[in-house]
Every structure is written in C-alpha cells, then in structure tokens.
Amino acid sequence: MKTYRLEFTQKVPVDLDTAWDFFSSPLNLSEITPKDMTFDVTSPLQKDTKMYPGMIITYKVSPLLGIKLNWMTEITHIKDKEYFIDEQRFGPFAFWHHNHHFETVEGGVLMHDILHYAIGWGPIGSIANAIVVNNKINNIFNFRYKKVEELFGKL
C-alpha cells in the first residue's frame with residue numbers, strides 16, 4: 001500500500017497558551033474546515049473539552065460529491081503545548097497519521113503538521129490520489145491556513 005506524506009507550516013502571532021488552547025479543543029476543528037465538507041463532530045463534547053491520549057472523536061464529513069461519511073480518530077499521543085497526534089480508526093482512508101507540532105518562535109508560534117496517509121485500492125488508489133485526494137487535502141490545509149490567519153492574524 002502506497003503511503004503519502006505532506007507537511008504544512010504556519011506562524012501565528014499569539015502565545016503558545018492561546019494556540020494550544022484553540023487547537024487542542026476538538027470542536028474547533030470544524031471552524032477551520034471548509035464548509036463544503038459539512039464537517040460535524042458527532043462525539044458528545046463540550047466547548048471546553050480538551051484532548052487527552054486515548055480520546056476517540058467521531059465526525060460526519062463529506063469529502064467528495066456531498067456524500068456523508070463517518071470518520072473516527074483517536075488522539076494517540078500528547079505532549080502538553082508541544083504536539084499531539086491523531087490517527088484514523090475508521091473512515092475514508094486506509095491509513096491516517098497526523099502530527100500537530102507547536103513551537104514558540106519570535107513573535108508567536110510555529111505550527112508544523114506532518115501527515116501520512118494511504119488510500120489503499122492498489123493502482124486505483126494511486127490514480128485517485130493523483131487526480132483528487134492529494135489536491136483535496138492540500139485545499140483543506142490551504143483553507144485552514146487562511147482561516148487561522150483570519151482568527152489570529154499574520155506573522
């Protein structure tokens with residue numbers, strides 16, 4: 001099974017506590033996801049719920065053609081105010097492993113995402129990735145970049 005790797009970085013003009021507070025809240029993910037994906041957290045969480053290792057989060061998401069899919073991720077690792085990792089347990093990918101890193105830099109925080117994913121389906125999955133999936137993921141992260149700038153400003 002072919003695995004793909006993408007990396008994204010962004011600097012935001014806030015302190016580490018502010019960045020960590022926002023990004024460690026599972027409900028905030030829908031705020032930085034494109035509306036056309038109709039991304040809904042279906043886990044019974046409160047606004048002040050923070051991630052913890054072993055946390056299971058469920059979603060409904062429409063990545064393509066408005067088709068609603070169930071997605072379940074687990075927060076597998078957290079080092080407070082440094083990083084957290086989410087891994088898909090059930091959902092649209094054959095494999096999904098997403099590292100979120102946070103580092104204090106001059107003037108704010110550097111966020112660095114490392115994503116490994118696989119589609120499966122052999123050569124058909126490779127073609128789907130080349131035609132649709134890779135572009136869709138990049139578009140999601142480009143949207144997220146712009147939305148985070150709107151929320152926190154530019155550095």
# chains A, B, ... in the order shown; residues from 1 in each chain; ligands from 1
$ residues_around --residues "Lys136 (chain A)" --least-positions-apart "6" --cutoff "12 Å" --atoms "only C-alpha atoms" --output "ChimeraX atom specification"
/A:33-34,36-37,62-65,128-130,142-143
$ write_last_selection --atoms "N, CA and C atoms" --output "mmCIF file, in the first residue's frame"
data_model
loop_
_atom_site.group_PDB
_atom_site.id
_atom_site.type_symbol
_atom_site.label_atom_id
_atom_site.label_comp_id
_atom_site.auth_asym_id
_atom_site.auth_seq_id
_atom_site.Cartn_x
_atom_site.Cartn_y
_atom_site.Cartn_z
ATOM 1 N N THR A 33 -12.316 24.060 8.976
ATOM 2 C CA THR A 33 -12.503 23.109 7.880
ATOM 3 C C THR A 33 -13.472 23.720 6.867
ATOM 4 N N PRO A 34 -13.204 23.566 5.564
ATOM 5 C CA PRO A 34 -14.103 24.158 4.554
ATOM 6 C C PRO A 34 -15.555 23.738 4.764
ATOM 7 N N ASP A 36 -17.919 23.346 2.675
ATOM 8 C CA ASP A 36 -18.463 22.386 1.708
ATOM 9 C C ASP A 36 -18.208 20.934 2.112
ATOM 10 N N MET A 37 -17.371 20.714 3.119
ATOM 11 C CA MET A 37 -17.138 19.352 3.612
ATOM 12 C C MET A 37 -18.169 18.949 4.660
ATOM 13 N N SER A 62 -18.167 15.175 4.501
ATOM 14 C CA SER A 62 -18.478 14.960 3.082
ATOM 15 C C SER A 62 -17.282 15.421 2.250
ATOM 16 N N PRO A 63 -16.287 14.562 2.081
ATOM 17 C CA PRO A 63 -15.084 14.983 1.358
ATOM 18 C C PRO A 63 -15.286 15.141 -0.147
ATOM 19 N N LEU A 64 -16.196 14.366 -0.732
ATOM 20 C CA LEU A 64 -16.422 14.418 -2.180
ATOM 21 C C LEU A 64 -17.896 14.246 -2.517
ATOM 22 N N LEU A 65 -18.361 15.023 -3.450
ATOM 23 C CA LEU A 65 -19.698 14.879 -4.039
ATOM 24 C C LEU A 65 -20.835 14.925 -3.017
ATOM 25 N N ALA A 128 -6.413 7.772 -7.917
ATOM 26 C CA ALA A 128 -7.329 8.648 -7.173
ATOM 27 C C ALA A 128 -6.549 9.711 -6.406
ATOM 28 N N ASN A 129 -5.413 9.319 -5.842
ATOM 29 C CA ASN A 129 -4.601 10.298 -5.122
ATOM 30 C C ASN A 129 -4.074 11.367 -6.073
ATOM 31 N N ALA A 130 -3.574 10.945 -7.223
ATOM 32 C CA ALA A 130 -3.008 11.895 -8.186
ATOM 33 C C ALA A 130 -4.065 12.848 -8.744
ATOM 34 N N ASN A 142 -4.858 24.599 2.821
ATOM 35 C CA ASN A 142 -4.797 25.999 2.371
ATOM 36 C C ASN A 142 -5.944 26.804 2.972
ATOM 37 N N PHE A 143 -7.129 26.222 3.002
ATOM 38 C CA PHE A 143 -8.271 26.877 3.648
ATOM 39 C C PHE A 143 -7.969 27.107 5.121
#
$ residues_around --residues "Met1 (chain A)" --least-positions-apart "3" --cutoff "9 Å" --atoms "only C-alpha atoms" --output "PDB file with N, CA, C and O atoms, in the first residue's frame"
ATOM      1  N   ALA A  94      -7.254   4.364   4.150  1.00  0.00           N
ATOM      2  CA  ALA A  94      -6.721   3.089   4.621  1.00  0.00           C
ATOM      3  C   ALA A  94      -5.767   3.332   5.788  1.00  0.00           C
ATOM      4  O   ALA A  94      -5.602   2.478   6.659  1.00  0.00           O
ATOM      5  N   ALA A 118      -2.746   6.930   3.478  1.00  0.00           N
ATOM      6  CA  ALA A 118      -2.809   5.959   2.389  1.00  0.00           C
ATOM      7  C   ALA A 118      -4.271   5.770   2.020  1.00  0.00           C
ATOM      8  O   ALA A 118      -5.157   5.888   2.872  1.00  0.00           O
ATOM      9  N   ILE A 119      -4.495   5.494   0.752  1.00  0.00           N
ATOM     10  CA  ILE A 119      -5.853   5.319   0.260  1.00  0.00           C
ATOM     11  C   ILE A 119      -6.208   3.839   0.137  1.00  0.00           C
ATOM     12  O   ILE A 119      -7.344   3.441   0.328  1.00  0.00           O
ATOM     13  N   GLY A 120      -5.201   3.031  -0.181  1.00  0.00           N
ATOM     14  CA  GLY A 120      -5.472   1.625  -0.459  1.00  0.00           C
ATOM     15  C   GLY A 120      -5.896   1.467  -1.913  1.00  0.00           C
ATOM     16  O   GLY A 120      -5.670   2.350  -2.733  1.00  0.00           O
ATOM     17  N   TRP A 121      -6.490   0.366  -2.249  1.00  0.00           N
ATOM     18  CA  TRP A 121      -7.025   0.057  -3.575  1.00  0.00           C
ATOM     19  C   TRP A 121      -5.953  -0.039  -4.654  1.00  0.00           C
ATOM     20  O   TRP A 121      -6.253   0.103  -5.839  1.00  0.00           O
ATOM     21  N   GLY A 122      -4.700  -0.270  -4.293  1.00  0.00           N
ATOM     22  CA  GLY A 122      -3.635  -0.502  -5.271  1.00  0.00           C
ATOM     23  C   GLY A 122      -3.505   0.625  -6.284  1.00  0.00           C
ATOM     24  O   GLY A 122      -3.541   1.797  -5.929  1.00  0.00           O
ATOM     25  N   GLY A 125      -6.073   3.431  -6.196  1.00  0.00           N
ATOM     26  CA  GLY A 125      -5.837   4.403  -5.146  1.00  0.00           C
ATOM     27  C   GLY A 125      -4.771   5.412  -5.526  1.00  0.00           C
ATOM     28  O   GLY A 125      -4.890   6.604  -5.234  1.00  0.00           O
TER      29      GLY A 125
END
$ atom_distance --atom1 "CA of Tyr59 (chain A)" --atom2 "CA of Thr18 (chain A)"
24.6 Å
$ closest_residue --among "A:Ser24, A:Thr38, A:Ser30, A:Ser126" --to "Leu69 (chain A)" --atoms "only C-alpha atoms"
A:Thr38
$ atom_distance --atom1 "CA of His98 (chain A)" --atom2 "CA of Val133 (chain A)"
15.7 Å
$ closest_residue --among "A:Leu27, A:Asp21, A:Ile32, A:Gly107" --to "Lys146 (chain A)" --atoms "only C-alpha atoms"
A:Ile32
$ closest_residue --among "A:Gln10, A:Thr58, A:Gln88, A:Thr3" --to "His116 (chain A)" --atoms "only C-alpha atoms"
A:Thr3
$ residues_around --residues "region 14-16 of chain A" --least-positions-apart "6" --cutoff "7 Å" --atoms "only C-alpha atoms" --output "PyMOL selection string"
chain A and resi 81+104+108-109+152
$ select_by_dssp --residues "region 25-139 of chain A" --states "alpha helix (DSSP H)" --output "list in words"
Gly122, Pro123, Ile124, Gly125, Ser126, Ile127, Ala128, Asn134, Asn135, Lys136, Ile137, Asn138 and Asn139 of chain A
$ closest_residue --among "A:Lys2, A:Lys68, A:Arg144, A:His112" --to "Asn28 (chain A)" --atoms "only C-alpha atoms"
A:Arg144
$ select_by_dssp --residues "region 40-108 of chain A" --states "strand (DSSP E or B)" --output "PyMOL selection string"
chain A and resi 40-41+56-61+69-79+83-90+95-105+108
$ decode --residues "region 95-120 of chain A" --atoms "C-alpha atoms" --output "PDB file, in the first residue's frame"
ATOM      1  CA  PHE A  95      -4.222   4.897   6.878  1.00  0.00           C
ATOM      2  CA  TRP A  96      -4.154   8.353   8.504  1.00  0.00           C
ATOM      3  CA  HIS A  97      -1.497   9.562  10.958  1.00  0.00           C
ATOM      4  CA  HIS A  98      -1.385  13.306  11.650  1.00  0.00           C
ATOM      5  CA  ASN A  99       1.227  15.036  13.832  1.00  0.00           C
ATOM      6  CA  HIS A 100       0.493  18.582  15.060  1.00  0.00           C
ATOM      7  CA  HIS A 101       3.587  20.351  16.468  1.00  0.00           C
ATOM      8  CA  PHE A 102       3.734  23.735  18.241  1.00  0.00           C
ATOM      9  CA  GLU A 103       6.861  25.764  18.959  1.00  0.00           C
ATOM     10  CA  THR A 104       7.383  29.230  20.380  1.00  0.00           C
ATOM     11  CA  VAL A 105       9.216  31.469  17.900  1.00  0.00           C
ATOM     12  CA  GLU A 106       9.957  35.176  17.843  1.00  0.00           C
ATOM     13  CA  GLY A 107       6.627  36.994  17.705  1.00  0.00           C
ATOM     14  CA  GLY A 108       4.391  33.950  18.120  1.00  0.00           C
ATOM     15  CA  VAL A 109       4.025  30.238  17.491  1.00  0.00           C
ATOM     16  CA  LEU A 110       5.173  27.998  14.643  1.00  0.00           C
ATOM     17  CA  MET A 111       2.717  25.227  13.872  1.00  0.00           C
ATOM     18  CA  HIS A 112       4.022  22.287  11.876  1.00  0.00           C
ATOM     19  CA  ASP A 113       1.772  19.496  10.613  1.00  0.00           C
ATOM     20  CA  ILE A 114       3.113  16.199   9.303  1.00  0.00           C
ATOM     21  CA  LEU A 115       0.511  13.984   7.659  1.00  0.00           C
ATOM     22  CA  HIS A 116       0.975  10.418   6.471  1.00  0.00           C
ATOM     23  CA  TYR A 117      -1.965   8.842   4.680  1.00  0.00           C
ATOM     24  CA  ALA A 118      -2.809   5.959   2.389  1.00  0.00           C
ATOM     25  CA  ILE A 119      -5.853   5.319   0.260  1.00  0.00           C
ATOM     26  CA  GLY A 120      -5.472   1.625  -0.459  1.00  0.00           C
TER      27      GLY A 120
END
